[in-house]
Amino acid sequence: MNDCYVLFYSQARFSYVRMKYLFFSWLVVFVGSWIIYVQYSTYTELCRGKDCKKIICDKYKTGVIDGPACNSLCVTETLYFGKCLSTKPSNQAKLGDQGNLSELVNLILTVADGDKDGQVSLGEAKSTWALLQLNEFLLMVILQDKEHTPKLMGFCGDLYVMESVEYTSLYGISLPWIIELFIPSGFRRSMDQLFTPSWPRKAKIAIGLLEFVEDVFHGPYGNFLMCDISAKNLGYNDKYDLKMVDMRKIVPETNLKELIKDRHCESDLDCVYGTDCRTTCDQSTMKCTSEVIQPNLAKACQLLKDYLLRGAPTEIREELEKQLYSCIALKVTANQMEMEHSLILNNLKTLLWKKISYTNDS
């Protein structure tokens, strides 16, 4: 009798454990499938290359829009959509109040005249106006003569074409999005650091980022703030010259102040634009202030810290680390910030250039 009871109890316990295991397995499969479905739906909804091409080409053929890339896209079909780089539906911003506004207008009109006939047609004007709502296009126009900005190759409607960049991330390997979902971010960062160029080449790429920070810092058309400095937004070509891959979160300082000032806040965590442009929360008014805490250079150095220190030559590692931490500590509100900014930036560039100037690997 006792043996039967024990046997019955063991079978019941085994059944319970098996049912519990099956339930949690089903739950994991269900949740995982739902995440994949949502991600795939978002991706396919916002990356409809064929649909975008049809809409643009229909407008071009009816004369609504025009631009130097329209013929290649819609007639000869030598221009085609490749990899979808963004699943974000909106990347718009205002032009804002820029320095040297008359010069900026002339620059925009030159770009708008796509066929270079000395006149801006209605189609070209409509295309250019649509593109001017995008941060990235505006920056490419302003910085078109700078080394680290991808060249603007043409446009058609609100589609614009940039030069190809061979490597579209500062470091790491590109994995299918479905695999990315299941890799912890900390492990991903550690893994990415293993897939980088040699140190002299990393130093050359880093110098490029420092030079780009100079380009957007109090230039002739105002100051621009880099609000998402991450490895995925930076790339480089086969000569290891840095190229900006995604500039949508680089915004005019005047725009950012308008966007964030008087925003209701409970703490400083509520006063963030993008991922890297942070202001403080005024607890007396419960409103965000308009002054960004960190300058672009400090955020760039934060990104470069692990990138440059890993594999750095022994003879400069201590000095490099010291300079990087001094750079990260920069604050916009500090006295003589601009002087410190220039000094730290020049010291870093000099240290890196001296080390790689005579190496074949750079």
# chains A, B, ... in the order shown; residues from 1 in each chain; ligands from 1

$ residues_around --residues "stretch 190-202 of chain A" --least-positions-apart "2" --cutoff "10 Å" --atoms "only C-alpha atoms" --output "PyMOL selection string"
chain A and resi 169-174+185-188+204-208+231+239-242+304+306-313+352-353+355-357+359-362

$ closest_residue --among "A:Asp238, A:Glu124, A:Asp158, A:Glu253" --to "A:Gly63" --atoms "only C-alpha atoms"
A:Glu124

$ residues_around --residues "stretch 212-227 of chain A" --least-positions-apart "5" --cutoff "8 Å" --atoms "only C-alpha atoms" --output "MDAnalysis selection string"
chainID A and resid 98:101 104 142:143 146 148 249:253 273:277 295:297 300

$ residues_around --residues "A:Ala298" --least-positions-apart "2" --cutoff "10 Å" --atoms "only C-alpha atoms" --output "tab-separated table (two decimals) with N, CA and C atoms, in the first residue's frame"
chain	number	residue	atom	x	y	z
A	293	ILE	N	24.85	70.33	-20.26
A	293	ILE	CA	25.90	70.15	-19.25
A	293	ILE	C	27.25	69.84	-19.87
A	294	GLN	N	27.27	68.87	-20.79
A	294	GLN	CA	28.53	68.42	-21.37
A	294	GLN	C	28.72	68.95	-22.78
A	295	PRO	N	29.91	69.42	-23.12
A	295	PRO	CA	30.19	69.81	-24.51
A	295	PRO	C	30.40	68.56	-25.37
A	296	ASN	N	30.38	68.75	-26.68
A	296	ASN	CA	30.57	67.63	-27.61
A	296	ASN	C	31.88	66.88	-27.35
A	300	ALA	N	32.57	62.86	-26.87
A	300	ALA	CA	33.40	62.14	-27.82
A	300	ALA	C	34.52	61.38	-27.08
A	301	CYS	N	35.12	62.02	-26.09
A	301	CYS	CA	36.18	61.37	-25.32
A	301	CYS	C	35.66	60.18	-24.51
A	302	GLN	N	34.44	60.29	-24.03
A	302	GLN	CA	33.83	59.17	-23.31
A	302	GLN	C	33.70	57.95	-24.22
A	303	LEU	N	33.30	58.19	-25.46
A	303	LEU	CA	33.19	57.10	-26.43
A	303	LEU	C	34.57	56.53	-26.78
A	304	LEU	N	35.58	57.40	-26.89
A	304	LEU	CA	36.90	56.98	-27.33
A	304	LEU	C	37.74	56.34	-26.22
A	324	LEU	N	42.41	61.81	-21.63
A	324	LEU	CA	41.02	61.42	-21.90
A	324	LEU	C	40.12	61.73	-20.71
A	325	TYR	N	40.60	61.45	-19.51
A	325	TYR	CA	39.78	61.74	-18.32
A	325	TYR	C	39.62	63.25	-18.10
A	326	SER	N	40.64	64.01	-18.42
A	326	SER	CA	40.51	65.48	-18.33
A	326	SER	C	39.47	65.97	-19.33
A	327	CYS	N	39.46	65.34	-20.49
A	327	CYS	CA	38.51	65.70	-21.54
A	327	CYS	C	37.08	65.36	-21.11
A	328	ILE	N	36.88	64.17	-20.55
A	328	ILE	CA	35.55	63.72	-20.11
A	328	ILE	C	35.00	64.64	-19.01
A	329	ALA	N	35.89	65.21	-18.21
A	329	ALA	CA	35.48	66.07	-17.09
A	329	ALA	C	35.06	67.47	-17.53
A	330	LEU	N	35.23	67.82	-18.82
A	330	LEU	CA	34.85	69.15	-19.30
A	330	LEU	C	33.36	69.43	-19.06
A	331	LYS	N	33.06	70.63	-18.61
A	331	LYS	CA	31.67	71.06	-18.42
A	331	LYS	C	31.44	72.37	-19.16
A	332	VAL	N	30.25	72.53	-19.71
A	332	VAL	CA	29.92	73.76	-20.43
A	332	VAL	C	29.97	74.96	-19.51
A	341	HIS	N	38.70	73.68	-23.77
A	341	HIS	CA	38.25	72.84	-24.88
A	341	HIS	C	39.33	72.77	-25.96
A	344	ILE	N	42.69	70.99	-24.63
A	344	ILE	CA	42.58	69.54	-24.49
A	344	ILE	C	42.49	68.87	-25.85
A	345	LEU	N	41.70	69.44	-26.74
A	345	LEU	CA	41.54	68.86	-28.07
A	345	LEU	C	42.87	68.83	-28.83

$ residues_around --residues "A:Leu351" --least-positions-apart "3" --cutoff "10 Å" --atoms "only C-alpha atoms" --output "list in words"
Ala203, Ile316, Glu319, Leu320, Gln323, Asn346, Asn347, Leu348, Lys354, Lys355 and Ile356 of chain A

$ write_last_selection --atoms "all heavy atoms" --output "short mmCIF file (atom, residue, chain, number, x, y, z; two decimals), in the first residue's frame"
data_model
loop_
_atom_site.label_atom_id
_atom_site.label_comp_id
_atom_site.auth_asym_id
_atom_site.auth_seq_id
_atom_site.Cartn_x
_atom_site.Cartn_y
_atom_site.Cartn_z
N ALA A 203 43.70 55.15 -33.80
CA ALA A 203 44.12 56.51 -33.46
C ALA A 203 43.79 57.48 -34.58
O ALA A 203 43.33 58.61 -34.33
CB ALA A 203 45.62 56.53 -33.16
N ILE A 316 52.76 55.58 -24.10
CA ILE A 316 51.85 56.75 -24.07
C ILE A 316 50.56 56.46 -23.31
O ILE A 316 49.73 57.35 -23.16
CB ILE A 316 51.50 57.24 -25.49
CG1 ILE A 316 50.62 56.23 -26.23
CG2 ILE A 316 52.73 57.60 -26.27
CD1 ILE A 316 49.90 56.81 -27.42
N GLU A 319 49.74 58.81 -20.21
CA GLU A 319 49.44 60.18 -20.62
C GLU A 319 48.12 60.24 -21.39
O GLU A 319 47.32 61.18 -21.21
CB GLU A 319 50.57 60.72 -21.48
CG GLU A 319 50.35 62.14 -22.01
CD GLU A 319 50.23 63.18 -20.90
OE1 GLU A 319 50.73 62.93 -19.78
OE2 GLU A 319 49.63 64.24 -21.17
N LEU A 320 47.88 59.24 -22.23
CA LEU A 320 46.63 59.20 -23.00
C LEU A 320 45.43 59.08 -22.06
O LEU A 320 44.43 59.78 -22.23
CB LEU A 320 46.67 58.02 -23.97
CG LEU A 320 45.41 57.77 -24.82
CD1 LEU A 320 45.11 58.99 -25.69
CD2 LEU A 320 45.58 56.52 -25.67
N GLN A 323 44.80 62.41 -20.30
CA GLN A 323 44.18 63.42 -21.16
C GLN A 323 42.71 63.09 -21.45
O GLN A 323 41.86 63.99 -21.51
CB GLN A 323 44.97 63.54 -22.46
CG GLN A 323 46.33 64.20 -22.29
CD GLN A 323 46.92 64.65 -23.62
OE1 GLN A 323 46.22 64.89 -24.59
NE2 GLN A 323 48.24 64.77 -23.66
N ASN A 346 43.61 69.95 -28.80
CA ASN A 346 44.89 70.02 -29.49
C ASN A 346 45.93 69.09 -28.88
O ASN A 346 46.73 68.47 -29.60
CB ASN A 346 45.42 71.46 -29.50
CG ASN A 346 44.61 72.36 -30.42
OD1 ASN A 346 44.08 71.91 -31.42
ND2 ASN A 346 44.51 73.63 -30.07
N ASN A 347 45.92 68.97 -27.54
CA ASN A 347 46.87 68.07 -26.87
C ASN A 347 46.62 66.61 -27.25
O ASN A 347 47.55 65.84 -27.49
CB ASN A 347 46.78 68.23 -25.35
CG ASN A 347 47.43 69.51 -24.86
OD1 ASN A 347 48.19 70.15 -25.59
ND2 ASN A 347 47.12 69.90 -23.63
N LEU A 348 45.35 66.24 -27.31
CA LEU A 348 44.99 64.87 -27.68
C LEU A 348 45.41 64.55 -29.12
O LEU A 348 46.00 63.51 -29.40
CB LEU A 348 43.48 64.66 -27.52
CG LEU A 348 42.99 63.97 -26.25
CD1 LEU A 348 41.47 63.96 -26.20
CD2 LEU A 348 43.53 62.55 -26.15
N LYS A 354 51.70 62.21 -33.09
CA LYS A 354 53.13 61.94 -32.88
C LYS A 354 53.41 60.45 -32.86
O LYS A 354 54.46 60.00 -33.33
CB LYS A 354 53.59 62.57 -31.56
CG LYS A 354 53.90 64.06 -31.65
CD LYS A 354 54.47 64.57 -30.34
CE LYS A 354 54.86 66.04 -30.45
NZ LYS A 354 55.40 66.56 -29.17
N LYS A 355 52.46 59.69 -32.31
CA LYS A 355 52.67 58.26 -32.18
C LYS A 355 52.48 57.51 -33.50
O LYS A 355 53.13 56.48 -33.74
CB LYS A 355 51.73 57.68 -31.11
CG LYS A 355 52.05 56.24 -30.73
CD LYS A 355 53.46 56.14 -30.17
CE LYS A 355 53.90 54.70 -30.01
NZ LYS A 355 55.33 54.60 -29.65
N ILE A 356 51.62 58.01 -34.37
CA ILE A 356 51.30 57.25 -35.58
C ILE A 356 51.89 57.85 -36.86
O ILE A 356 51.76 57.25 -37.93
CB ILE A 356 49.77 57.10 -35.76
CG1 ILE A 356 49.12 58.46 -36.08
CG2 ILE A 356 49.15 56.44 -34.56
CD1 ILE A 356 47.65 58.34 -36.44
#

$ residues_around --residues "A:Cys281" --least-positions-apart "5" --cutoff "8 Å" --atoms "only C-alpha atoms" --output "short mmCIF file (atom, residue, chain, number, x, y, z; two decimals) with all heavy atoms, in the first residue's frame"
data_model
loop_
_atom_site.label_atom_id
_atom_site.label_comp_id
_atom_site.auth_asym_id
_atom_site.auth_seq_id
_atom_site.Cartn_x
_atom_site.Cartn_y
_atom_site.Cartn_z
N CYS A 265 9.66 68.81 -15.49
CA CYS A 265 10.58 67.77 -15.04
C CYS A 265 10.41 67.50 -13.55
O CYS A 265 10.00 68.38 -12.78
CB CYS A 265 12.02 68.17 -15.35
SG CYS A 265 12.56 69.70 -14.52
N GLU A 266 10.74 66.28 -13.18
CA GLU A 266 10.80 65.89 -11.77
C GLU A 266 12.26 65.78 -11.32
O GLU A 266 12.57 66.01 -10.16
CB GLU A 266 10.09 64.55 -11.56
CG GLU A 266 8.61 64.53 -11.94
CD GLU A 266 7.76 65.36 -11.00
OE1 GLU A 266 8.18 65.55 -9.83
OE2 GLU A 266 6.68 65.83 -11.43
N SER A 267 13.12 65.40 -12.26
CA SER A 267 14.54 65.27 -11.97
C SER A 267 15.34 65.53 -13.25
O SER A 267 14.75 65.72 -14.33
CB SER A 267 14.86 63.86 -11.45
OG SER A 267 14.72 62.91 -12.49
N ASP A 268 16.65 65.49 -13.14
CA ASP A 268 17.51 65.71 -14.31
C ASP A 268 17.28 64.67 -15.40
O ASP A 268 17.56 64.92 -16.58
CB ASP A 268 18.99 65.71 -13.90
CG ASP A 268 19.36 66.93 -13.06
OD1 ASP A 268 18.53 67.86 -12.95
OD2 ASP A 268 20.47 66.94 -12.49
N ASP A 270 14.63 63.79 -16.67
CA ASP A 270 13.57 64.25 -17.59
C ASP A 270 14.09 65.28 -18.59
O ASP A 270 13.37 65.65 -19.52
CB ASP A 270 12.41 64.86 -16.79
CG ASP A 270 11.76 63.85 -15.86
OD1 ASP A 270 11.56 62.70 -16.29
OD2 ASP A 270 11.46 64.21 -14.71
N CYS A 271 15.32 65.73 -18.39
CA CYS A 271 15.86 66.81 -19.22
C CYS A 271 16.94 66.30 -20.17
O CYS A 271 18.11 66.69 -20.10
CB CYS A 271 16.42 67.92 -18.33
SG CYS A 271 15.19 68.61 -17.19
N MET A 286 10.39 73.42 -11.44
CA MET A 286 10.10 72.10 -12.04
C MET A 286 10.11 72.18 -13.57
O MET A 286 9.31 71.56 -14.25
CB MET A 286 8.75 71.56 -11.53
CG MET A 286 8.64 71.47 -10.02
SD MET A 286 9.95 70.46 -9.28
CE MET A 286 9.38 68.82 -9.67
N LYS A 287 11.07 72.98 -14.08
CA LYS A 287 11.25 73.11 -15.52
C LYS A 287 12.71 72.82 -15.87
O LYS A 287 13.62 73.09 -15.08
CB LYS A 287 10.91 74.54 -15.99
CG LYS A 287 9.48 74.98 -15.70
CD LYS A 287 8.48 74.32 -16.63
CE LYS A 287 7.09 74.89 -16.42
NZ LYS A 287 6.08 74.22 -17.29
N CYS A 288 12.92 72.30 -17.08
CA CYS A 288 14.29 72.05 -17.53
C CYS A 288 14.97 73.36 -17.89
O CYS A 288 14.35 74.26 -18.46
CB CYS A 288 14.28 71.15 -18.77
SG CYS A 288 13.72 69.45 -18.46
N THR A 289 16.25 73.46 -17.55
CA THR A 289 17.03 74.62 -17.98
C THR A 289 17.47 74.39 -19.42
O THR A 289 17.34 73.29 -19.96
CB THR A 289 18.26 74.81 -17.08
OG1 THR A 289 19.06 73.63 -17.13
CG2 THR A 289 17.84 75.07 -15.64
#

$ select_by_dssp --residues "stretch 156-361 of chain A" --states "strand (DSSP E)" --output "list of chain:residue names"
A:Cys156, A:Leu159, A:Tyr160, A:Val161, A:Met162, A:Phe224, A:Leu225, A:Met226, A:Leu234, A:Gly235, A:Tyr236, A:Leu242, A:Lys243, A:Met244, A:Ile250, A:Val251, A:Pro252, A:Val272, A:Tyr273, A:Cys277, A:Arg278, A:Cys281, A:Asp282, A:Lys287, A:Cys288

$ write_last_selection --atoms "N, CA, C and O atoms" --output "compact mmCIF listing (two decimals), in the first residue's frame"
# COMPACT_ATOMS: atom_id res chain seq x y z
N CYS A 156 16.27 63.69 -54.71
CA CYS A 156 15.05 63.62 -55.51
C CYS A 156 13.88 63.62 -54.55
O CYS A 156 13.68 62.66 -53.81
N LEU A 159 14.24 62.40 -50.79
CA LEU A 159 15.29 61.38 -50.80
C LEU A 159 16.62 62.05 -51.16
O LEU A 159 16.69 62.82 -52.10
N TYR A 160 17.66 61.79 -50.37
CA TYR A 160 18.98 62.32 -50.72
C TYR A 160 19.98 61.18 -50.74
O TYR A 160 19.83 60.15 -50.08
N VAL A 161 21.04 61.35 -51.55
CA VAL A 161 22.03 60.31 -51.76
C VAL A 161 23.38 60.79 -51.24
O VAL A 161 23.85 61.86 -51.61
N MET A 162 24.00 59.98 -50.36
CA MET A 162 25.32 60.30 -49.81
C MET A 162 26.35 59.34 -50.40
O MET A 162 26.01 58.28 -50.91
N PHE A 224 26.64 73.50 -33.19
CA PHE A 224 25.80 72.31 -33.29
C PHE A 224 26.14 71.36 -32.15
O PHE A 224 27.31 71.18 -31.80
N LEU A 225 25.11 70.72 -31.60
CA LEU A 225 25.30 69.81 -30.48
C LEU A 225 25.10 68.37 -30.94
O LEU A 225 24.13 68.05 -31.63
N MET A 226 26.02 67.50 -30.55
CA MET A 226 25.96 66.08 -30.90
C MET A 226 25.22 65.34 -29.79
O MET A 226 25.75 65.15 -28.70
N LEU A 234 29.04 56.34 -36.29
CA LEU A 234 30.34 56.72 -36.84
C LEU A 234 30.87 55.58 -37.71
O LEU A 234 30.73 54.41 -37.36
N GLY A 235 31.49 55.93 -38.83
CA GLY A 235 32.09 54.92 -39.70
C GLY A 235 33.43 55.41 -40.20
O GLY A 235 33.94 56.45 -39.77
N TYR A 236 34.00 54.67 -41.13
CA TYR A 236 35.27 55.09 -41.71
C TYR A 236 35.44 54.41 -43.06
O TYR A 236 34.81 53.40 -43.36
N LEU A 242 37.67 58.99 -40.69
CA LEU A 242 36.35 58.95 -40.09
C LEU A 242 35.30 59.57 -41.01
O LEU A 242 35.56 60.60 -41.65
N LYS A 243 34.14 58.95 -41.08
CA LYS A 243 32.99 59.50 -41.80
C LYS A 243 31.76 59.37 -40.90
O LYS A 243 31.53 58.31 -40.31
N MET A 244 31.00 60.44 -40.80
CA MET A 244 29.77 60.39 -40.01
C MET A 244 28.73 59.60 -40.80
O MET A 244 28.42 59.91 -41.94
N ILE A 250 22.38 65.48 -34.54
CA ILE A 250 23.25 66.64 -34.38
C ILE A 250 22.41 67.86 -34.71
O ILE A 250 21.96 68.04 -35.84
N VAL A 251 22.13 68.67 -33.71
CA VAL A 251 21.13 69.74 -33.86
C VAL A 251 21.73 71.10 -33.54
O VAL A 251 22.66 71.21 -32.73
N PRO A 252 21.21 72.16 -34.18
CA PRO A 252 21.65 73.52 -33.83
C PRO A 252 21.37 73.80 -32.35
O PRO A 252 20.31 73.42 -31.83
N VAL A 272 16.54 65.37 -21.03
CA VAL A 272 17.47 64.74 -21.96
C VAL A 272 16.89 64.79 -23.36
O VAL A 272 15.70 64.52 -23.57
N TYR A 273 17.73 65.15 -24.34
CA TYR A 273 17.35 65.08 -25.75
C TYR A 273 18.28 64.10 -26.44
O TYR A 273 19.49 64.16 -26.27
N CYS A 277 22.44 64.71 -24.89
CA CYS A 277 22.29 66.15 -24.59
C CYS A 277 21.43 66.30 -23.34
O CYS A 277 20.20 66.13 -23.39
N ARG A 278 22.09 66.64 -22.24
CA ARG A 278 21.41 66.70 -20.95
C ARG A 278 21.51 68.11 -20.35
O ARG A 278 22.56 68.74 -20.40
N CYS A 281 17.33 69.96 -14.13
CA CYS A 281 15.95 70.29 -13.75
C CYS A 281 15.98 71.32 -12.63
O CYS A 281 16.56 71.10 -11.57
N ASP A 282 15.39 72.47 -12.87
CA ASP A 282 15.29 73.53 -11.86
C ASP A 282 14.18 73.15 -10.88
O ASP A 282 12.99 73.21 -11.22
N LYS A 287 11.07 72.98 -14.08
CA LYS A 287 11.25 73.11 -15.52
C LYS A 287 12.71 72.82 -15.87
O LYS A 287 13.62 73.09 -15.08
N CYS A 288 12.92 72.30 -17.08
CA CYS A 288 14.29 72.05 -17.53
C CYS A 288 14.97 73.36 -17.89
O CYS A 288 14.35 74.26 -18.46

$ select_by_dssp --residues "stretch 132-330 of chain A" --states "helix (DSSP H, G or I)" --output "MDAnalysis selection string"
chainID A and resid 135:142 177:180 185:192 199:216 231:233 253:260 268:270 296:309 314:328

$ closest_residue --among "A:Asp113, A:Arg248, A:Ser164, A:Leu107" --to "A:Gln144" --atoms "only C-alpha atoms"
A:Leu107

$ residues_around --residues "A:Lys257" --least-positions-apart "6" --cutoff "9 Å" --atoms "only C-alpha atoms" --output "list in words"
Thr289, Ser290, Glu291 and Val292 of chain A

$ closest_residue --among "A:Val111, A:Glu166, A:Glu340, A:Leu209" --to "A:Thr149" --atoms "only C-alpha atoms"
A:Leu209

$ atom_distance --atom1 "atom CA of A:Val64" --atom2 "atom CA of A:Leu109"
18.2 Å
